[in-house]
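Worksheet: the structure to be examined is printed underneath.
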Amino acid sequence: MSIDLTPSWQDEELSMFRDSVSRFLEAEVAPRDEEARKAGNVGYELWRKAGEMGLLCTDIPEEFGGAGGDFRHEAVVAEEMGKRALTGLNHSVHSIVAHYFLNHGTDEQKEKYLPRMARGELVGAIAMTEPGTGSDLQGVRTHAKKDGDHYVINGSKTFISNGFLAGVVLVVVKTDTSQGAKGMSIMIVETENQPGYKVGRVLDKIGLKAQDTSELFFEDVRVHESQLLGGAEGRGFFQLMGDLPYERLFIGVGAQAAMEGAYKATLDYVRERTAFGQPIAEFQNTKFKLAEIATTIKVGRAFVDECVRDMLEGKLDTTKASMAKLWGSENQCRVIDECLQLFGGYGYMNEYMIGRMYTDARIQRIYGGTNEIMKEVISRSL
């Protein structure tokens with residue numbers, strides 16, 4: 001039951017790029033994945049190797065040290081990792097941070113940070129969520145108070161992807177606590193030898209075990225006023241909202257890739273595994289389940305590809321990106337659950353990729369804005 005899942009936007013150059021990404025993942029990332037899952041992070045060396053291979057900041061202009069590609073290159077990296085359940089090298093968050101610099105940073109900020117991020121010398125993280133705030137970004141309590149030509153940051157963040165290894169963190173703060181959205185700003189914090197900055201524990205998650213999701217603490221952290229993203233206070237909420245389509249499309253792309261990887265792994269398994277004297281693939285239930293999964297994946301591929309094309313043309317809006325995130329993550333959980341069932345007891349084992357995919361998938365419906373928020377966003381446009 002073979003279906004063509006080649007992206008409609010892929011050309012010869014992107015096909016060659018995909019091959020190079022696959023080789024890097026198979027040679028450098030996959031062999032270290034079990035170790036990374038035990039350690040809770042992939043380590044700095046892997047980020048630097050990814051940078052040397054040109055796999056980071058692929059859609060950042062060459063003038064700022066990037067590869068000069070477009071979102072398709074980012075999607076290729078995300079897809080190849082997603083199909084293999086390789087989650088430790090969170091390149092999507094790294095790219096999202098790079099785009100905050102590109103879209104909202106001053107020229108000096110772009111020149112200072114983007115080349116180092118592209119080389120993998122600085123791992124990027126964005127610190128939005130706080131204990132008790134969740135998706136309510138206007139409820140953040142972390143604040144930055146002006147003190148001469150510096151800001152003093154106090155507060156804490158949680159569930160921060162890339163938090164343990166981050167060399168630069170974009171911190172969502174209140175620069176005016178008397179205001180709601182208009183009082184929000186984003187501060188740039190370099191973490192190395194930064195007084196008052198502390199990384200808490202790497203959080204013990206049910207999935208994404210190789211991904212360093214951490215707590216961050218800021219106690220009288222002083223940063224120069226030049227570290228205010230964009231150079232003006234009160235723009236933080238606008239900056240966050242402006243980059244949501246990019247972030248949510250990443251989630252949709254990752255969901256689609258995970259479904260495709262799970263489908264392929266399941267096909268291989270049911271063709272080899274026998275029960276009652278015949279391959280599991282020959283049972284009617286297996287055939288029907290695979291038919292349903294193949295149909296879901298084929299439909300998903302068409303929609304994700306359309307969203308990617310919209311992104312390239314600069315017309316992907318928040319509503320459509322939210323649809324991609326909602327539909328993709330909901331079906332990712334359902335499809336992988338169906339695939340795991342066909343593995344039987346082996347599907348519940350961490351040594352099988354399908355088991356890791358199952359626990360990894362659940363967070364997709366939560367981060368980037370919960371799916372309940374996605375429904376609210378979509379409903380407003382109806």
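The chains in the structure tokens are called A, B, ... from first to last as shown; in each chain the residues are counted from 1, and the ligands are counted from 1 in the order shown.
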
### Those of range 136-377 of chain A in DSSP strand (DSSP E), formatted as a ChimeraX atom specification
/A:143-147,150-160,168-174,184-190,197-202,214-224,274-275,278-279

Take the residues just selected and output them with C-alpha atoms as a CSV table (one decimal), in the first residue's frame.
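Result saved to result-v3.csv:
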```csv
chain,number,residue,atom,x,y,z
A,143,HIS,CA,9.2,42.2,34.5
A,144,ALA,CA,12.1,44.4,33.4
A,145,LYS,CA,12.6,47.7,35.1
A,146,LYS,CA,14.7,50.5,33.6
A,147,ASP,CA,17.7,51.5,35.6
A,150,HIS,CA,20.1,49.0,31.6
A,151,TYR,CA,17.1,46.9,32.4
A,152,VAL,CA,16.8,44.7,35.5
A,153,ILE,CA,14.9,41.5,34.9
A,154,ASN,CA,13.1,39.5,37.6
A,155,GLY,CA,10.8,36.5,37.3
A,156,SER,CA,10.7,32.9,36.2
A,157,LYS,CA,9.8,30.8,33.2
A,158,THR,CA,8.9,27.2,32.7
A,159,PHE,CA,8.5,24.6,29.8
A,160,ILE,CA,11.3,26.4,27.9
A,168,VAL,CA,20.6,33.3,23.9
A,169,VAL,CA,17.1,33.6,25.3
A,170,LEU,CA,14.4,35.9,24.2
A,171,VAL,CA,12.5,36.7,27.4
A,172,VAL,CA,8.9,38.0,27.3
A,173,VAL,CA,8.6,40.6,30.1
A,174,LYS,CA,6.4,43.4,31.2
A,184,MET,CA,5.0,43.8,27.0
A,185,SER,CA,8.5,43.7,25.6
A,186,ILE,CA,11.0,41.1,24.6
A,187,MET,CA,14.5,41.2,26.2
A,188,ILE,CA,17.6,39.5,24.7
A,189,VAL,CA,19.6,37.7,27.4
A,190,GLU,CA,22.9,36.0,26.6
A,197,TYR,CA,20.5,34.0,35.4
A,198,LYS,CA,19.9,30.4,36.5
A,199,VAL,CA,18.7,27.3,34.7
A,200,GLY,CA,16.6,25.1,36.8
A,201,ARG,CA,15.9,21.4,36.3
A,202,VAL,CA,15.6,19.8,32.9
A,214,SER,CA,13.8,23.6,31.4
A,215,GLU,CA,12.9,26.1,34.0
A,216,LEU,CA,14.6,29.5,33.9
A,217,PHE,CA,15.1,32.0,36.7
A,218,PHE,CA,15.9,35.7,36.5
A,219,GLU,CA,17.0,37.4,39.7
A,220,ASP,CA,18.2,41.0,39.1
A,221,VAL,CA,19.5,40.1,35.7
A,222,ARG,CA,21.0,43.3,34.2
A,223,VAL,CA,21.0,43.7,30.4
A,224,HIS,CA,21.9,46.8,28.4
A,274,THR,CA,3.2,-13.1,11.6
A,275,ALA,CA,0.2,-14.3,13.7
A,278,GLN,CA,0.3,-15.3,8.2
A,279,PRO,CA,1.6,-11.8,8.1
```

### Query
Skipping near chain neighbours, those fewer than 6 positions away, what residues fall within 10 Å of range 20-28 of chain A using only C-alpha atoms, listed as a ChimeraX atom specification?
/A:14,46,49-50,53-55,73,76-81,84,86

Each residue of range 226-299 of chain A lying at most 8 Å from range 94-99 of chain A should get a row with its shortest atom-to-atom pair and the distance in Å to one decimal, counting only C-alpha atoms; could you produce that, ordered by chain and increasing number, as JSON lines?
```
{"residue": "A:Asp243", "atom": "CA", "partner": "A:His99", "partner_atom": "CA", "distance": 7.8}
{"residue": "A:Tyr246", "atom": "CA", "partner": "A:Ile96", "partner_atom": "CA", "distance": 7.4}
{"residue": "A:Glu247", "atom": "CA", "partner": "A:Ile96", "partner_atom": "CA", "distance": 6.4}
```

Could you make a table, as a Markdown table, of the residues of range 231-319 of chain A that have an atom within 8 Å of an atom of range 329-337 of chain A, each with its nearest atom pair and distance in Å to one decimal, counting only C-alpha atoms, in chain and number order?
```
| residue | atom | partner | partner_atom | distance |
| --- | --- | --- | --- | --- |
| A:Ile251 | CA | A:Ser329 | CA | 7.5 |
| A:Gly252 | CA | A:Ser329 | CA | 6.7 |
| A:Ala255 | CA | A:Gln332 | CA | 5.5 |
| A:Gln256 | CA | A:Gln332 | CA | 7.0 |
| A:Ala258 | CA | A:Gln332 | CA | 6.9 |
| A:Met259 | CA | A:Gln332 | CA | 5.7 |
| A:Ala262 | CA | A:Ile336 | CA | 6.2 |
| A:Tyr263 | CA | A:Ile336 | CA | 8.0 |
| A:Ile293 | CA | A:Val335 | CA | 6.2 |
| A:Thr296 | CA | A:Asn331 | CA | 7.8 |
```

### Message
Restricting the calculation to only C-alpha atoms: of A:Gln10, A:Asn41, A:Ser381, A:Thr87, which residue gets closest to Arg356 in chain A?
### Response
A:Thr87

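Here CA of Phe238 in chain A is placed at a distance of 16.2 Å from CA of Thr319 in chain A.
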
### Task
Please identify all polymer residues within 7 Å of Lys83 in chain A, counting only C-alpha atoms, omitting same-chain residues fewer than 6 positions from it, and present them as a PyMOL selection string.
chain A and resi 257-258+260-261

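Compared by their closest atoms to Ala232 in chain A, and using only C-alpha atoms, the residues A:Gln138, A:Asn90, A:Ser379, A:Thr175 rank with A:Thr175 nearest.
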
### Query
Leaving out range 286-291 of chain A and any residue of its chain fewer than 5 positions from it, which residues lie within 10 Å of it when counting only C-alpha atoms, given as an NGL selection string?
:A and (1 or 263 or 266-267 or 270 or 280-281 or 296-297 or 335 or 338-339 or 341-342)

Atoms kept (N, CA, C and O atoms) for selection, written as a compact mmCIF listing (two decimals), in the first residue's frame:
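Contents of result.txt, as written:
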```txt
# COMPACT_ATOMS: atom_id res chain seq x y z
N MET A 1 0.85 -1.19 0.00
CA MET A 1 0.00 0.00 0.00
C MET A 1 0.89 1.24 0.00
O MET A 1 1.06 1.92 1.00
N TYR A 263 3.58 5.67 9.75
CA TYR A 263 2.93 4.85 8.72
C TYR A 263 3.94 3.91 8.06
O TYR A 263 3.69 2.70 7.94
N THR A 266 5.07 1.21 10.46
CA THR A 266 4.01 0.23 10.69
C THR A 266 3.86 -0.70 9.50
O THR A 266 3.67 -1.92 9.67
N LEU A 267 3.94 -0.16 8.30
CA LEU A 267 3.90 -1.00 7.10
C LEU A 267 4.99 -2.06 7.15
O LEU A 267 4.74 -3.25 6.88
N VAL A 270 4.09 -4.77 9.99
CA VAL A 270 2.99 -5.72 9.76
C VAL A 270 3.28 -6.67 8.60
O VAL A 270 2.69 -7.76 8.52
N ILE A 280 0.67 -10.12 9.63
CA ILE A 280 -0.40 -9.29 10.17
C ILE A 280 -1.02 -8.44 9.07
O ILE A 280 -2.22 -8.11 9.11
N ALA A 281 -0.22 -8.09 8.07
CA ALA A 281 -0.71 -7.25 6.97
C ALA A 281 -1.85 -7.91 6.20
O ALA A 281 -2.61 -7.21 5.50
N THR A 296 -5.79 9.64 5.56
CA THR A 296 -5.55 10.80 6.43
C THR A 296 -4.24 11.48 6.07
O THR A 296 -4.16 12.71 5.97
N ILE A 297 -3.21 10.68 5.87
CA ILE A 297 -1.89 11.24 5.57
C ILE A 297 -1.88 11.93 4.21
O ILE A 297 -1.28 13.00 4.05
N VAL A 335 -3.50 8.96 14.54
CA VAL A 335 -2.83 8.05 13.61
C VAL A 335 -1.77 7.21 14.31
O VAL A 335 -1.68 5.99 14.13
N GLU A 338 -3.27 4.51 16.36
CA GLU A 338 -3.70 3.39 15.53
C GLU A 338 -2.51 2.54 15.08
O GLU A 338 -2.58 1.31 15.05
N CYS A 339 -1.42 3.21 14.74
CA CYS A 339 -0.22 2.48 14.32
C CYS A 339 0.34 1.65 15.47
O CYS A 339 0.71 0.48 15.29
N GLN A 341 -1.20 0.36 17.91
CA GLN A 341 -2.07 -0.79 18.16
C GLN A 341 -1.69 -1.98 17.28
O GLN A 341 -1.75 -3.13 17.70
N LEU A 342 -1.28 -1.69 16.05
CA LEU A 342 -0.89 -2.76 15.14
C LEU A 342 0.44 -3.41 15.52
O LEU A 342 0.74 -4.51 15.06
```

#### Entry: Contacts of Glu108 in chain A within 12 Å, only C-alpha atoms, excl. fewer than 3 positions in-chain, as a PyMOL selection string
chain A and resi 64+101-102+104-105+111-115+226-231

Prev. selection, C-alpha atoms, output as a JSON list (two decimals), in the first residue's frame:
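Wrote out-v6.json, looks like this:
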```
[["chain", "number", "residue", "atom", "x", "y", "z"],
["A", 64, "PHE", "CA", 23.22, 37.56, 8.24],
["A", 101, "PHE", "CA", 15.70, 38.68, 15.27],
["A", 102, "LEU", "CA", 15.20, 38.86, 11.50],
["A", 104, "HIS", "CA", 11.88, 42.54, 14.65],
["A", 105, "GLY", "CA", 15.50, 43.07, 15.64],
["A", 111, "GLU", "CA", 24.41, 41.15, 12.87],
["A", 112, "LYS", "CA", 25.33, 40.20, 16.44],
["A", 113, "TYR", "CA", 23.24, 37.07, 16.85],
["A", 114, "LEU", "CA", 22.12, 35.54, 13.56],
["A", 115, "PRO", "CA", 25.55, 34.44, 12.23],
["A", 226, "SER", "CA", 20.49, 47.72, 23.46],
["A", 227, "GLN", "CA", 19.21, 44.21, 24.34],
["A", 228, "LEU", "CA", 15.59, 45.28, 23.99],
["A", 229, "LEU", "CA", 14.37, 43.49, 20.85],
["A", 230, "GLY", "CA", 13.64, 46.10, 18.20],
["A", 231, "GLY", "CA", 14.87, 48.94, 20.41]]
```

## Note on the structure
Between CA of Ser8 in chain A and CA of Tyr367 in chain A lies a distance of 27.6 Å

### Task
Extract, using only C-alpha atoms, all DNA, RNA and protein residues at most 8 Å from Val123 in chain A, discarding same-chain residues fewer than 5 positions from it, and format them as a list in words.
Trp47, His94, Met117, Asn162, Leu165, Ala166, Gly167 and Val168 of chain A

#### Entry: Selected residue of minimal separation from Gly347 in chain A among A:Ile378, A:Ala265, A:Ile373, A:Ile126, counting only C-alpha atoms
A:Ala265
